[in-house]
Every structure is written in structure tokens, then in C-alpha cells.
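For reference, the structure discussed in these notes is given below.
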Amino acid sequence: MAKKRKKQQAPQPPSSYELLGMRIQRQINAPAAQSEKTTVIARQDGEREDDWERLIEELETVEELTMISLDDGRIRLRWNPEESST
């Protein structure tokens with residue numbers, strides 16, 4: 001019996017939510033943010049509002065993370081605030 005070859009599916013491009021998550025992750029992992037244990041995030045033009053709201057909801061569940069809403073709609077993320085110098 002001949003084996004049927006499985007068709008390999010082309011890799012799927014990342015979803016808009018995954019792209020948003022990758023952008024925020026790069027921002028959090030930036031050397032300056034890691035040094036200060038803080039960064040400010042903001043929704044960019046072209047990013048979906050429902051993706052942004054989902055991200056914020058998920059960030060709210062992260063222990064050791066403080067979220068501070070700023071007047072201009074941005075959000076300051078701060079982790080391990082007791083160890084932060086600012």
C-alpha cells in the first residue's frame with residue numbers, strides 16, 4: 001500500500017492580535033525598558049480596538065505587573081515596582 005503524502009500547509013501569517021502582541025513584547029524586552037522595569041504602551045493607528053482591549057484584559061491578569069492609565073490614553077506598564085528605581 002502506498003502511503004498518502006500529507007499536504008504541507010503554507011504557514012499562516014500572524015493575526016492582527018499576534019502582531020500587536022509581538023510589538024508590545026519587543027517594547028517590553030527592549031534594554032531600556034528592562035533596565036527601568038517600565039515602559040509606556042499605546043495603540044497605534046491601524047491596530048484593531050478589540051485586539052487592544054483583549055491585550056489589556058490579558059495584561060491585567062499578570063502578577064507583578066502594574067498598569068497606570070495616562071491622560072493621553074497611553075498605559076504605563078511597570079513590573080516588580082518594589083525593585084524599580086523610578
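Letters for chains follow the order of the C-alpha cells (A, B, ...), residue numbers begin at 1 for each chain, and ligand numbers begin at 1 in the order shown.
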DSSP strand (DSSP E or B) residues within segment 7-83 of chain A, as a PyMOL selection string: chain A and resi 38-41+65-69+75-79
All alpha helix (DSSP H) residues (DSSP, backbone) inside segment 34-79 of chain A, as a list in words: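 Matching residues for alpha helix (DSSP H) in segment 34-79 of chain A are Gln34, Ser35, Glu36, Glu49, Asp50, Asp51, Trp52, Glu53, Arg54, Leu55, Ile56, Glu57, Glu58 and Leu59 of chain A.
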Write the selection just made, keeping N, CA, C and O atoms, as a compact mmCIF listing (two decimals), in the first residue's frame?
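What follows is the written file part.txt:
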```txt
# COMPACT_ATOMS: atom_id res chain seq x y z
N GLN A 34 13.83 47.06 30.19
CA GLN A 34 14.26 46.06 31.16
C GLN A 34 15.07 46.70 32.28
O GLN A 34 14.92 46.32 33.44
N SER A 35 15.89 47.65 31.94
CA SER A 35 16.70 48.34 32.95
C SER A 35 15.82 49.13 33.92
O SER A 35 16.05 49.08 35.14
N GLU A 36 14.84 49.84 33.39
CA GLU A 36 13.97 50.68 34.21
C GLU A 36 12.77 49.93 34.78
O GLU A 36 12.07 50.45 35.65
N GLU A 49 -9.20 47.93 17.69
CA GLU A 49 -9.57 48.26 19.06
C GLU A 49 -9.87 47.00 19.87
O GLU A 49 -9.50 46.91 21.04
N ASP A 50 -10.53 46.00 19.26
CA ASP A 50 -10.83 44.78 20.00
C ASP A 50 -9.56 44.01 20.35
O ASP A 50 -9.47 43.39 21.42
N ASP A 51 -8.55 44.06 19.48
CA ASP A 51 -7.26 43.43 19.80
C ASP A 51 -6.62 44.14 20.99
O ASP A 51 -6.08 43.51 21.90
N TRP A 52 -6.66 45.47 20.97
CA TRP A 52 -6.08 46.27 22.05
C TRP A 52 -6.78 45.96 23.37
O TRP A 52 -6.11 45.74 24.39
N GLU A 53 -8.10 45.92 23.36
CA GLU A 53 -8.86 45.63 24.59
C GLU A 53 -8.54 44.23 25.11
O GLU A 53 -8.39 44.04 26.32
N ARG A 54 -8.41 43.27 24.20
CA ARG A 54 -8.06 41.90 24.61
C ARG A 54 -6.67 41.87 25.25
O ARG A 54 -6.47 41.23 26.29
N LEU A 55 -5.73 42.58 24.65
CA LEU A 55 -4.38 42.64 25.21
C LEU A 55 -4.39 43.23 26.61
O LEU A 55 -3.78 42.68 27.53
N ILE A 56 -5.11 44.33 26.79
CA ILE A 56 -5.17 44.98 28.10
C ILE A 56 -5.80 44.04 29.13
O ILE A 56 -5.30 43.92 30.25
N GLU A 57 -6.87 43.35 28.74
CA GLU A 57 -7.51 42.39 29.65
C GLU A 57 -6.52 41.30 30.06
O GLU A 57 -6.48 40.90 31.23
N GLU A 58 -5.74 40.82 29.12
CA GLU A 58 -4.76 39.77 29.44
C GLU A 58 -3.64 40.31 30.31
O GLU A 58 -3.19 39.63 31.24
N LEU A 59 -3.20 41.52 30.05
CA LEU A 59 -2.15 42.11 30.89
C LEU A 59 -2.62 42.32 32.32
O LEU A 59 -1.83 42.21 33.26
```
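Each of A:Arg48, A:Gly21, A:Ile41, A:Gln12 was compared to Gly73 of chain A using only C-alpha atoms, and A:Ile41 turns out to be the nearest.
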Pick from A:Ala42, A:Ala30, A:Leu19, A:Ala10 nearest to Asp72 of chain A, counting only C-alpha atoms: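 Nearest to Asp72 of chain A: A:Ala42.
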